[in-house]
>>> print(open('structure05.txt').read())   # compact mmCIF, C-alpha atoms and all ligand atoms
# COMPACT_ATOMS: atom_id res chain seq x y z
CA MET A 79 32.09 42.46 57.12
CA LYS A 80 33.14 39.97 59.76
CA ILE A 81 36.82 39.13 59.93
CA VAL A 82 37.37 38.02 63.52
CA PRO A 83 35.67 34.64 64.05
CA TYR A 84 34.35 34.74 67.62
CA ASP A 85 34.41 30.93 67.99
CA LEU A 86 38.18 30.89 67.52
CA LEU A 87 38.63 33.79 69.90
CA LYS A 88 36.39 32.11 72.46
CA ASN A 89 38.43 28.89 72.34
CA VAL A 90 41.42 30.91 73.46
CA LEU A 91 39.70 33.28 75.89
CA PHE A 92 37.73 30.57 77.69
CA ASN A 93 41.02 29.05 78.89
CA PHE A 94 41.50 32.06 81.15
CA ASP A 95 39.83 33.35 84.29
CA PRO A 96 36.40 34.79 83.35
CA GLU A 97 36.85 38.12 85.12
CA LEU A 98 40.31 38.62 83.68
CA VAL A 99 38.92 38.03 80.19
CA HIS A 100 36.03 40.37 80.86
CA ASP A 101 38.22 43.22 82.10
CA PHE A 102 40.69 42.73 79.25
CA SER A 103 37.89 42.70 76.65
CA ILE A 104 36.24 45.85 78.00
CA LYS A 105 39.57 47.66 78.09
CA LEU A 106 40.36 46.63 74.53
CA ALA A 107 36.87 47.47 73.29
CA GLY A 108 37.05 50.83 75.04
CA ARG A 109 40.36 51.72 73.46
CA TYR A 110 39.79 50.32 69.97
CA SER A 111 36.09 50.62 69.20
CA ALA A 112 36.80 50.16 65.49
CA ILE A 113 37.41 46.44 66.18
CA ALA A 114 33.62 46.21 66.29
CA SER A 115 33.39 46.36 62.52
CA LEU A 116 35.75 43.37 62.29
CA MET A 117 33.54 41.35 64.62
CA SER A 118 30.03 42.30 63.60
CA SER A 119 28.08 42.23 60.39
CA VAL A 120 24.92 43.93 61.65
CA THR A 121 23.44 46.52 59.31
CA ILE A 122 22.70 49.62 61.34
CA ASP A 123 19.45 50.99 59.94
CA LYS A 124 17.38 52.91 62.47
CA LEU A 125 14.44 53.38 60.13
CA LYS A 126 14.05 49.68 59.50
CA TYR A 127 14.98 48.19 62.86
CA GLY A 128 14.38 51.11 65.25
CA ILE A 129 11.64 50.95 67.89
CA ASN A 130 10.30 53.44 70.40
CA VAL A 131 10.76 52.30 73.97
CA GLY A 132 9.36 54.91 76.34
CA SER A 133 10.80 58.17 75.07
CA CYS A 134 13.93 56.55 73.60
CA ASN A 135 14.39 55.40 70.04
CA TRP A 136 16.29 52.12 70.20
CA HIS A 137 18.28 51.54 67.02
CA PHE A 138 17.64 47.79 67.11
CA PRO A 139 15.27 45.74 69.28
CA VAL A 140 18.16 44.08 71.16
CA GLY A 141 20.07 46.11 73.75
CA LEU A 142 23.00 45.39 76.04
CA ALA A 143 22.07 44.54 79.65
CA ALA A 144 23.64 46.13 82.72
CA GLY A 145 26.78 44.55 84.14
CA MET A 146 28.80 44.17 80.95
CA ASP A 147 30.04 47.76 80.81
CA LYS A 148 29.73 48.80 84.44
CA ASP A 149 31.78 52.02 84.14
CA CYS A 150 30.66 53.14 80.67
CA GLN A 151 34.03 52.45 79.08
CA ALA A 152 33.07 50.76 75.81
CA VAL A 153 29.72 52.21 74.73
CA GLU A 154 31.03 53.26 71.33
CA PHE A 155 32.21 49.70 70.67
CA PHE A 156 28.87 48.19 71.68
CA SER A 157 26.97 50.69 69.60
CA ARG A 158 29.12 49.83 66.56
CA VAL A 159 28.51 46.13 67.21
CA GLY A 160 24.84 46.94 66.63
CA PHE A 161 23.14 47.06 70.03
CA GLY A 162 19.96 49.11 69.92
CA ALA A 163 20.53 50.65 73.37
CA ILE A 164 23.21 50.22 76.00
CA GLU A 165 22.69 50.04 79.73
CA VAL A 166 25.75 50.88 81.82
CA GLY A 167 26.26 50.27 85.54
CA THR A 168 25.27 49.21 88.04
CA VAL A 169 26.77 52.38 89.43
CA THR A 170 26.79 53.27 93.11
CA PRO A 171 27.34 56.80 94.44
CA LEU A 172 30.86 55.95 95.68
CA PRO A 173 33.38 53.65 94.02
CA GLN A 174 33.57 50.17 95.53
CA LEU A 175 35.59 47.01 94.97
CA GLY A 176 32.75 44.49 95.14
CA ASN A 177 32.97 41.02 96.65
CA ASP A 178 36.08 38.89 96.99
CA LYS A 179 37.42 37.07 93.94
CA PRO A 180 36.83 34.62 92.35
CA ARG A 181 33.31 35.88 91.73
CA LEU A 182 32.52 35.02 88.10
CA PHE A 183 32.03 31.44 86.93
CA ARG A 184 31.17 29.92 83.55
CA TYR A 185 28.99 26.87 82.99
CA LYS A 186 30.20 26.19 79.46
CA ASP A 187 27.96 23.21 78.74
CA GLU A 188 24.89 25.06 79.93
CA ASN A 189 25.58 28.44 78.30
CA SER A 190 25.22 30.04 81.70
CA ILE A 191 27.15 32.14 84.17
CA ARG A 192 27.14 32.59 87.92
CA ASN A 193 28.35 35.90 89.29
CA LYS A 194 28.70 37.33 92.77
CA MET A 195 30.39 40.55 91.72
CA GLY A 196 28.65 42.80 94.27
CA PHE A 197 28.45 46.04 92.27
CA ASN A 198 32.18 46.55 91.70
CA ASN A 199 32.40 49.92 89.99
CA ARG A 200 34.39 53.13 89.84
CA GLY A 201 31.60 55.24 91.26
CA SER A 202 29.13 57.78 89.95
CA GLU A 203 31.50 60.65 89.18
CA GLU A 204 33.71 58.53 86.95
CA LEU A 205 30.69 57.06 85.18
CA LEU A 206 29.20 60.50 84.58
CA LYS A 207 32.48 61.69 83.10
CA ASN A 208 32.61 58.70 80.75
CA LEU A 209 28.95 59.10 79.83
CA LEU A 210 29.34 62.77 78.94
CA ALA A 211 32.34 61.96 76.75
CA VAL A 212 30.67 59.13 74.87
CA LYS A 213 27.38 60.98 74.35
CA LYS A 214 29.31 63.39 72.16
CA ILE A 215 30.19 60.51 69.85
CA VAL A 216 27.23 58.11 69.77
CA ASP A 217 23.51 58.68 69.40
CA VAL A 218 22.45 55.27 70.71
CA PRO A 219 20.32 55.51 73.89
CA VAL A 220 22.42 54.93 77.01
CA GLY A 221 20.65 53.91 80.20
CA VAL A 222 22.25 54.09 83.63
CA ASN A 223 21.51 51.39 86.18
CA PHE A 224 21.54 52.54 89.85
CA GLY A 225 22.43 50.57 92.98
CA LYS A 226 23.32 51.29 96.56
CA ASN A 227 26.77 51.13 98.10
CA LYS A 228 27.34 48.06 100.23
CA LEU A 229 28.22 50.21 103.26
CA THR A 230 25.03 52.28 103.02
CA SER A 231 22.54 51.04 105.61
CA GLN A 232 19.19 49.62 104.57
CA LYS A 233 17.51 52.61 106.18
CA ASP A 234 19.49 55.03 104.02
CA ALA A 235 19.41 52.96 100.82
CA ILE A 236 16.99 55.30 99.10
CA LYS A 237 19.36 58.23 99.67
CA ASP A 238 21.88 56.52 97.39
CA TYR A 239 19.27 56.24 94.65
CA LEU A 240 18.22 59.86 95.14
CA LYS A 241 21.82 61.04 94.80
CA LEU A 242 22.12 59.11 91.56
CA PHE A 243 18.81 60.53 90.28
CA ASP A 244 20.17 64.02 90.86
CA LEU A 245 23.49 63.31 89.21
CA PHE A 246 22.18 61.61 86.07
CA GLN A 247 18.91 63.43 85.50
CA ASN A 248 20.22 65.45 82.58
CA ASP A 249 22.47 62.98 80.84
CA ALA A 250 21.20 59.39 81.04
CA ASP A 251 18.62 58.50 78.38
CA TYR A 252 16.90 56.27 80.89
CA VAL A 253 17.60 55.29 84.47
CA VAL A 254 17.04 51.99 86.23
CA MET A 255 16.42 51.37 89.91
CA ASN A 256 18.05 48.06 90.52
CA PHE A 257 16.55 46.41 93.59
CA SER A 258 17.16 42.90 92.38
CA SER A 259 20.84 41.93 92.48
CA PRO A 260 21.35 38.96 94.79
CA ASN A 261 24.92 40.08 95.50
CA THR A 262 24.39 43.09 97.77
CA PRO A 263 23.11 42.01 101.18
CA GLY A 264 19.52 43.14 101.73
CA LEU A 265 19.07 44.74 98.30
CA ARG A 266 16.27 42.43 97.28
CA ASP A 267 14.36 43.41 100.45
CA LEU A 268 13.81 46.75 98.72
CA GLN A 269 11.37 44.88 96.48
CA GLN A 270 8.97 44.39 99.41
CA ILE A 271 5.87 46.27 98.44
CA ASP A 272 5.70 48.53 101.50
CA ARG A 273 9.38 49.44 101.24
CA MET A 274 9.02 50.02 97.53
CA ARG A 275 6.03 52.30 98.02
CA GLU A 276 7.89 54.36 100.62
CA ASN A 277 10.92 54.61 98.37
CA PHE A 278 8.91 55.51 95.29
CA GLN A 279 7.26 58.26 97.35
CA GLU A 280 10.68 59.64 98.24
CA ILE A 281 11.70 59.64 94.58
CA ARG A 282 8.51 61.36 93.53
CA LYS A 283 8.89 63.90 96.32
CA GLN A 284 12.25 64.87 94.90
CA HIS A 285 11.44 64.35 91.21
CA SER A 286 7.82 64.64 90.17
CA ALA A 287 6.76 62.87 86.98
CA SER A 288 6.90 66.16 85.12
CA THR A 289 10.25 67.43 86.42
CA PHE A 290 12.25 64.25 85.92
CA ARG A 291 12.70 64.25 82.20
CA ARG A 292 14.21 60.79 81.84
CA ASP A 293 12.55 57.40 81.57
CA ILE A 294 12.57 55.49 84.85
CA TYR A 295 12.55 51.70 85.07
CA VAL A 296 12.50 49.25 87.96
CA LYS A 297 14.58 46.10 87.45
CA ILE A 298 13.18 43.08 89.22
CA SER A 299 14.24 39.60 90.26
CA PRO A 300 12.96 36.39 88.69
CA ASP A 301 12.66 34.89 92.18
CA LEU A 302 9.63 36.95 93.22
CA ALA A 303 6.21 35.33 93.61
CA LEU A 304 4.03 36.28 90.64
CA ALA A 305 1.52 37.91 93.00
CA ASP A 306 4.30 40.26 94.16
CA VAL A 307 5.27 40.96 90.56
CA SER A 308 1.67 42.05 89.96
CA GLU A 309 1.83 44.39 92.96
CA ILE A 310 5.06 45.92 91.64
CA VAL A 311 3.47 46.46 88.22
CA LYS A 312 0.62 48.32 89.96
CA LEU A 313 3.07 50.48 91.91
CA VAL A 314 5.11 51.33 88.81
CA LYS A 315 1.87 52.45 87.18
CA GLU A 316 0.66 54.37 90.24
CA PHE A 317 3.91 56.35 90.41
CA SER A 318 4.00 56.95 86.64
CA PHE A 319 7.37 55.35 86.08
CA THR A 320 8.16 54.23 82.55
CA GLY A 321 8.20 50.51 83.14
CA LEU A 322 10.02 47.40 84.28
CA ILE A 323 13.10 45.46 83.33
CA ALA A 324 12.63 41.74 83.88
CA THR A 325 14.69 40.05 84.98
CA ASN A 326 17.93 40.09 86.90
CA THR A 327 19.80 36.84 87.70
CA THR A 328 18.28 33.99 89.72
CA ILE A 329 19.62 32.31 92.82
CA MET A 330 20.36 28.57 92.74
CA PRO A 331 21.96 27.93 96.15
CA GLU A 332 22.88 24.37 95.15
CA ARG A 333 25.38 25.88 92.72
CA GLY A 334 26.86 28.32 95.23
CA GLU A 335 26.47 32.01 96.05
CA GLY A 336 25.57 34.62 93.47
CA GLY A 337 23.14 34.97 90.59
CA ILE A 338 22.75 32.71 87.57
CA SER A 339 22.22 34.05 84.07
CA GLY A 340 21.86 32.56 80.59
CA GLU A 341 20.11 29.33 79.59
CA LEU A 342 19.63 28.20 83.21
CA LEU A 343 17.67 31.38 83.89
CA LYS A 344 15.59 31.50 80.73
CA LYS A 345 12.48 29.61 81.83
CA LYS A 346 12.07 31.38 85.16
CA SER A 347 12.75 34.76 83.65
CA GLU A 348 10.36 34.20 80.77
CA THR A 349 7.59 33.16 83.16
CA VAL A 350 7.95 36.50 84.95
CA ARG A 351 8.11 38.44 81.66
CA PHE A 352 5.02 36.79 80.23
CA HIS A 353 3.16 37.38 83.48
CA ILE A 354 4.04 41.09 83.30
CA LEU A 355 3.02 41.32 79.64
CA ASP A 356 -0.38 39.84 80.52
CA GLU A 357 -0.76 42.46 83.25
CA LEU A 358 0.29 45.23 80.89
CA ARG A 359 -2.65 44.54 78.60
CA GLU A 360 -4.55 46.76 81.05
CA CYS A 361 -1.90 49.52 80.95
CA PRO A 362 -0.23 49.55 77.53
CA GLU A 363 1.57 52.81 78.32
CA LEU A 364 3.99 50.91 80.58
CA GLN A 365 7.10 49.42 78.98
CA LEU A 366 8.70 46.08 79.67
CA ILE A 367 12.33 45.50 78.70
CA GLY A 368 12.85 41.74 78.61
CA VAL A 369 16.13 40.23 79.77
CA GLY A 370 17.22 36.84 81.03
CA GLY A 371 18.35 33.92 78.88
CA VAL A 372 17.53 35.63 75.59
CA SER A 373 19.82 34.08 72.99
CA THR A 374 17.96 33.54 69.72
CA PHE A 375 15.41 35.18 67.45
CA ASP A 376 12.89 32.59 68.69
CA ASP A 377 13.21 34.08 72.18
CA VAL A 378 12.62 37.55 70.77
CA TRP A 379 9.70 36.34 68.66
CA ARG A 380 7.98 34.66 71.62
CA PHE A 381 8.35 37.96 73.53
CA TRP A 382 6.92 39.95 70.61
CA LYS A 383 3.99 37.58 70.18
CA ARG A 384 3.08 38.15 73.83
CA GLY A 385 3.13 41.92 73.32
CA GLY A 386 6.74 42.80 74.22
CA LYS A 387 9.13 45.00 72.22
CA ALA A 388 12.69 45.49 73.45
CA VAL A 389 15.01 42.86 74.88
CA GLN A 390 18.50 42.90 76.33
CA VAL A 391 21.23 40.27 76.40
CA LEU A 392 24.43 39.70 78.31
CA THR A 393 25.31 36.02 78.81
CA SER A 394 24.48 34.97 75.25
CA LEU A 395 26.85 37.70 74.00
CA ILE A 396 29.65 36.07 76.00
CA PHE A 397 28.88 32.62 74.59
CA ASN A 398 28.01 33.58 71.01
CA GLY A 399 29.78 36.86 70.34
CA PRO A 400 28.41 39.70 68.24
CA SER A 401 27.14 37.34 65.52
CA LEU A 402 24.24 36.79 67.90
CA LEU A 403 22.93 40.15 66.69
CA SER A 404 23.43 39.51 62.98
CA GLN A 405 21.68 36.14 63.30
CA ILE A 406 18.72 37.84 64.96
CA GLN A 407 18.79 40.54 62.28
CA ASN A 408 18.74 37.97 59.47
CA GLU A 409 15.72 36.28 60.97
CA ILE A 410 13.98 39.62 61.49
CA ASP A 411 14.49 40.28 57.76
CA VAL A 412 12.76 36.99 56.92
CA VAL A 413 9.83 37.72 59.23
CA LEU A 414 9.42 41.24 57.80
CA LYS A 415 9.26 39.78 54.30
CA LEU A 416 6.81 37.07 55.27
CA ASN A 417 4.56 39.66 56.89
CA LEU A 418 4.87 42.09 53.97
CA VAL A 419 6.07 44.96 56.14
CA ALA A 420 9.13 47.16 55.81
CA THR A 421 9.98 47.93 59.43
CA VAL A 422 10.07 46.31 62.86
CA GLY A 423 7.83 49.14 64.10
CA GLU A 424 5.11 48.17 61.62
CA LEU A 425 5.48 44.51 62.49
CA LEU A 426 5.03 45.20 66.19
CA GLN A 427 2.02 47.39 65.48
CA ASN A 428 0.42 44.58 63.48
CA ILE A 429 1.07 42.12 66.30
CA ALA A 430 -0.48 44.56 68.79
CA GLN A 431 -3.57 45.01 66.57
CA ALA A 432 -3.98 41.25 66.20
CA LYS A 433 -3.70 40.81 69.99
CA LYS A 434 -6.48 43.35 70.55
CA HIS A 435 -8.85 41.09 68.59
CA GLU A 436 -7.80 37.89 70.39
C1 LIG B 1 28.77 39.21 85.12
C2 LIG B 1 27.41 39.82 85.28
C3 LIG B 1 27.31 41.05 85.90
C4 LIG B 1 26.06 41.64 86.05
N1 LIG B 1 25.98 42.85 86.64
C5 LIG B 1 24.77 43.46 86.74
C6 LIG B 1 24.68 44.75 87.28
O1 LIG B 1 25.67 45.36 87.69
N2 LIG B 1 23.44 45.31 87.36
C7 LIG B 1 22.32 44.68 86.90
O2 LIG B 1 21.22 45.25 86.97
N3 LIG B 1 22.39 43.45 86.35
C8 LIG B 1 23.59 42.83 86.27
N4 LIG B 1 23.66 41.60 85.72
C9 LIG B 1 22.41 40.95 85.26
C10 LIG B 1 22.16 41.19 83.78
O3 LIG B 1 21.97 42.54 83.49
C11 LIG B 1 20.92 40.41 83.32
O4 LIG B 1 19.79 40.91 83.99
C12 LIG B 1 21.03 38.92 83.62
O5 LIG B 1 22.34 38.47 83.41
C13 LIG B 1 20.09 38.11 82.74
O6 LIG B 1 20.38 38.29 81.38
P1 LIG B 1 21.27 37.24 80.53
O7 LIG B 1 20.72 35.87 80.79
O8 LIG B 1 21.11 37.70 79.10
O9 LIG B 1 22.65 37.38 81.02
C14 LIG B 1 24.90 40.98 85.57
C15 LIG B 1 25.03 39.73 84.94
C16 LIG B 1 26.26 39.15 84.79
C17 LIG B 1 26.36 37.81 84.12
>>> encode(input="structure05.txt", output="structure tokens", more="lines below")
Ligand SMILES: Cc1cc2nc3c(=O)[nH]c(=O)nc-3n(C[C@H](O)[C@H](O)[C@H](O)COP(=O)(O)O)c2cc1C
Amino acid sequence: MKIVPYDLLKNVLFNFDPELVHDFSIKLAGRYSAIASLMSSVTIDKLKYGINVGSCNWHFPVGLAAGMDKDCQAVEFFSRVGFGAIEVGTVTPLPQLGNDKPRLFRYKDENSIRNKMGFNNRGSEELLKNLLAVKKIVDVPVGVNFGKNKLTSQKDAIKDYLKLFDLFQNDADYVVMNFSSPNTPGLRDLQQIDRMRENFQEIRKQHSASTFRRDIYVKISPDLALADVSEIVKLVKEFSFTGLIATNTTIMPERGEGGISGELLKKKSETVRFHILDELRECPELQLIGVGGVSTFDDVWRFWKRGGKAVQVLTSLIFNGPSLLSQIQNEIDVVLKLNLVATVGELLQNIAQAKKHE
């Protein structure tokens, strides 16, 4: 049942400062998660729509991307809205304010956003507390996205990630090493292959593949050369991580500082995703979570046809509201019927079989 029309709400909210609206919405959603049922008409049915992504069972193939609920305040709301998995963070070991405001900008006509937030968050201890509380209530997978504090030197960056690994190893359903935000000086340098190898070695020294019981992803930038993306895929495989999340926001210096998301990112992000999916044909055990400009079922379908499974959204949720999910669900229902299968899992298996014979 959908009672609150998002379009009306958006007409009001979009008159205000984007960050103010964001903070207000998260606070409200955190306090009154039951509002979700007034805003969403998604049918939650894990058997029909659930998919296995690494060792997690996503309840629906569309999850919430990192950055929306940085401090894990509104997971129950987002799970009631119908997201299949929810990624919180980016969290840094210590709380930090992030960059100066204003730092969030809408491009209404282009369904896009530019942000230069700079990992504003309440720190790892607060996030852990919130995560433990919400895990008692929801059974949706919750991933935690890790970053480094701005004041941590480049040399010590990996120590921040290691601290976060230690802290969240028992309670996050999956963890994400975010080396790809354009808003923390030097962070993207951690994607250089040699640096990445050294850092992955450190992580494996502290947490071998068998002792770290959680899925581990690496989130990458859409601004990497495809040859470098291939090298990262090889490294992720070599170190037996679970997979990649592609992509983070893109830089468009002509628009100003920060990272761009939404429609303006879609093409670049999709190019990287499709490149990774082609590479993964050789190593099907690796997962790819697709994110960047996903806004319709067609985007999901193109990803599935190339061999992908799970996607995430953020910007399209801001522009379309929760009905984004019910629209995708309605179109999934049609495709399931047309293909004479009962579940998304079966559908994806059939696509994978057909691809093997291509
Ligand atoms: C306001 C905002 C904040 C974000 N914060 C983070 C973050 O903290 N960590 C992260 O990994 N990605 C962050 N992202 C990137 C998103 O997770 C996602 O990768 C990107 O926006 C592309 O997806 P979209 O086009 O669906 O928004 C942020 C994006 C936006 C718009």
>>> residues_near_point(input="structure05.txt", point="(28.6, 33.0, 80.8)", cutoff="8 Å", atoms="only C-alpha atoms", output="short mmCIF file (atom, residue, chain, number, x, y, z; two decimals) with C-alpha atoms, in the frame of the given file")
data_model
loop_
_atom_site.label_atom_id
_atom_site.label_comp_id
_atom_site.auth_asym_id
_atom_site.auth_seq_id
_atom_site.Cartn_x
_atom_site.Cartn_y
_atom_site.Cartn_z
CA PHE A 183 32.03 31.44 86.93
CA ARG A 184 31.17 29.92 83.55
CA TYR A 185 28.99 26.87 82.99
CA LYS A 186 30.20 26.19 79.46
CA ASN A 189 25.58 28.44 78.30
CA SER A 190 25.22 30.04 81.70
CA ILE A 191 27.15 32.14 84.17
CA ARG A 192 27.14 32.59 87.92
CA SER A 339 22.22 34.05 84.07
CA GLY A 340 21.86 32.56 80.59
CA THR A 393 25.31 36.02 78.81
CA SER A 394 24.48 34.97 75.25
CA ILE A 396 29.65 36.07 76.00
CA PHE A 397 28.88 32.62 74.59
#
>>> closest_residue(input="structure05.txt", among="A:Asp178, A:Glu165, A:Asp251, A:Glu436", to="ligand LIG 1 (chain B)", atoms="only C-alpha atoms and all ligand atoms")
A:Glu165
>>> closest_atom_pairs(input="structure05.txt", of="range 184-263 of chain A", to="range 319-332 of chain A", cutoff="12 Å", atoms="all atoms listed in the file", output="tab-separated table")
residue	atom	partner	partner_atom	distance
A:Ser190	CA	A:Thr327	CA	10.6
A:Ile191	CA	A:Thr327	CA	9.4
A:Arg192	CA	A:Thr327	CA	8.5
A:Asn193	CA	A:Thr327	CA	8.7
A:Lys194	CA	A:Thr327	CA	10.3
A:Met195	CA	A:Thr327	CA	11.9
A:Gly221	CA	A:Ile323	CA	11.8
A:Asn223	CA	A:Ile323	CA	10.7
A:Tyr252	CA	A:Thr320	CA	9.1
A:Val253	CA	A:Thr320	CA	9.7
A:Val254	CA	A:Ile323	CA	8.2
A:Met255	CA	A:Leu322	CA	9.4
A:Asn256	CA	A:Asn326	CA	8.8
A:Phe257	CA	A:Asn326	CA	9.3
A:Ser258	CA	A:Asn326	CA	6.2
A:Ser259	CA	A:Asn326	CA	6.6
A:Pro260	CA	A:Ile329	CA	7.1
A:Asn261	CA	A:Ile329	CA	9.8
>>> closest_residue(input="structure05.txt", among="A:Gly162, A:Gly225, A:Pro362, A:Gly371", to="Leu240 in chain A", atoms="all atoms listed in the file")
A:Gly225
>>> axis_aligned_box(input="structure05.txt", around="ligand LIG 1 (chain B)", padding_each_side="8 Å", output="JSON")
{"center_x": 24.3, "center_y": 40.6, "center_z": 83.4, "size_x": 25.0, "size_y": 25.5, "size_z": 24.6}
>>> closest_residue(input="structure05.txt", among="A:Ala250, A:Ala152, A:Val222, A:Ile310", to="ligand LIG 1 (chain B)", atoms="only C-alpha atoms and all ligand atoms")
A:Val222
>>> build_atoms(input="structure05.txt", residues="range 214-221 of chain A", atoms="all heavy atoms", output="PDB file, in the coordinates of the input")
ATOM      1  N   LYS A 214      28.927  62.470  73.239  1.00  0.00           N
ATOM      2  CA  LYS A 214      29.310  63.390  72.160  1.00  0.00           C
ATOM      3  C   LYS A 214      29.572  62.607  70.872  1.00  0.00           C
ATOM      4  O   LYS A 214      29.625  63.180  69.783  1.00  0.00           O
ATOM      5  CB  LYS A 214      30.594  64.146  72.540  1.00  0.00           C
ATOM      6  CG  LYS A 214      30.376  65.119  73.661  1.00  0.00           C
ATOM      7  CD  LYS A 214      31.622  65.981  73.855  1.00  0.00           C
ATOM      8  CE  LYS A 214      31.471  66.854  75.084  1.00  0.00           C
ATOM      9  NZ  LYS A 214      32.632  66.863  75.935  1.00  0.00           N
ATOM     10  N   ILE A 215      29.778  61.309  70.998  1.00  0.00           N
ATOM     11  CA  ILE A 215      30.190  60.510  69.850  1.00  0.00           C
ATOM     12  C   ILE A 215      29.069  59.625  69.320  1.00  0.00           C
ATOM     13  O   ILE A 215      28.930  59.423  68.123  1.00  0.00           O
ATOM     14  CB  ILE A 215      31.376  59.582  70.253  1.00  0.00           C
ATOM     15  CG1 ILE A 215      32.511  60.385  70.879  1.00  0.00           C
ATOM     16  CG2 ILE A 215      31.881  58.788  69.059  1.00  0.00           C
ATOM     17  CD1 ILE A 215      33.581  59.508  71.506  1.00  0.00           C
ATOM     18  N   VAL A 216      28.250  59.057  70.228  1.00  0.00           N
ATOM     19  CA  VAL A 216      27.230  58.110  69.770  1.00  0.00           C
ATOM     20  C   VAL A 216      25.833  58.692  69.967  1.00  0.00           C
ATOM     21  O   VAL A 216      25.632  59.549  70.833  1.00  0.00           O
ATOM     22  CB  VAL A 216      27.301  56.763  70.556  1.00  0.00           C
ATOM     23  CG1 VAL A 216      28.653  56.097  70.393  1.00  0.00           C
ATOM     24  CG2 VAL A 216      26.967  56.950  72.019  1.00  0.00           C
ATOM     25  N   ASP A 217      24.878  58.216  69.160  1.00  0.00           N
ATOM     26  CA  ASP A 217      23.510  58.680  69.400  1.00  0.00           C
ATOM     27  C   ASP A 217      22.605  57.534  69.866  1.00  0.00           C
ATOM     28  O   ASP A 217      21.398  57.673  69.946  1.00  0.00           O
ATOM     29  CB  ASP A 217      22.932  59.381  68.161  1.00  0.00           C
ATOM     30  CG  ASP A 217      22.776  58.426  67.004  1.00  0.00           C
ATOM     31  OD1 ASP A 217      23.391  57.338  67.037  1.00  0.00           O
ATOM     32  OD2 ASP A 217      22.029  58.760  66.057  1.00  0.00           O
ATOM     33  N   VAL A 218      23.222  56.392  70.198  1.00  0.00           N
ATOM     34  CA  VAL A 218      22.450  55.270  70.710  1.00  0.00           C
ATOM     35  C   VAL A 218      21.983  55.612  72.140  1.00  0.00           C
ATOM     36  O   VAL A 218      22.714  56.276  72.879  1.00  0.00           O
ATOM     37  CB  VAL A 218      23.342  53.993  70.692  1.00  0.00           C
ATOM     38  CG1 VAL A 218      24.432  54.030  71.740  1.00  0.00           C
ATOM     39  CG2 VAL A 218      22.537  52.726  70.834  1.00  0.00           C
ATOM     40  N   PRO A 219      20.736  55.231  72.508  1.00  0.00           N
ATOM     41  CA  PRO A 219      20.320  55.510  73.890  1.00  0.00           C
ATOM     42  C   PRO A 219      21.217  54.791  74.906  1.00  0.00           C
ATOM     43  O   PRO A 219      21.547  53.619  74.718  1.00  0.00           O
ATOM     44  CB  PRO A 219      18.899  54.944  73.959  1.00  0.00           C
ATOM     45  CG  PRO A 219      18.444  54.822  72.550  1.00  0.00           C
ATOM     46  CD  PRO A 219      19.662  54.607  71.715  1.00  0.00           C
ATOM     47  N   VAL A 220      21.600  55.532  75.938  1.00  0.00           N
ATOM     48  CA  VAL A 220      22.420  54.930  77.010  1.00  0.00           C
ATOM     49  C   VAL A 220      21.639  55.069  78.326  1.00  0.00           C
ATOM     50  O   VAL A 220      21.328  56.177  78.760  1.00  0.00           O
ATOM     51  CB  VAL A 220      23.799  55.625  77.139  1.00  0.00           C
ATOM     52  CG1 VAL A 220      24.633  54.937  78.226  1.00  0.00           C
ATOM     53  CG2 VAL A 220      24.551  55.599  75.810  1.00  0.00           C
ATOM     54  N   GLY A 221      21.327  53.924  78.905  1.00  0.00           N
ATOM     55  CA  GLY A 221      20.650  53.910  80.200  1.00  0.00           C
ATOM     56  C   GLY A 221      21.667  53.732  81.301  1.00  0.00           C
ATOM     57  O   GLY A 221      22.724  53.137  81.091  1.00  0.00           O
TER      58      GLY A 221
END
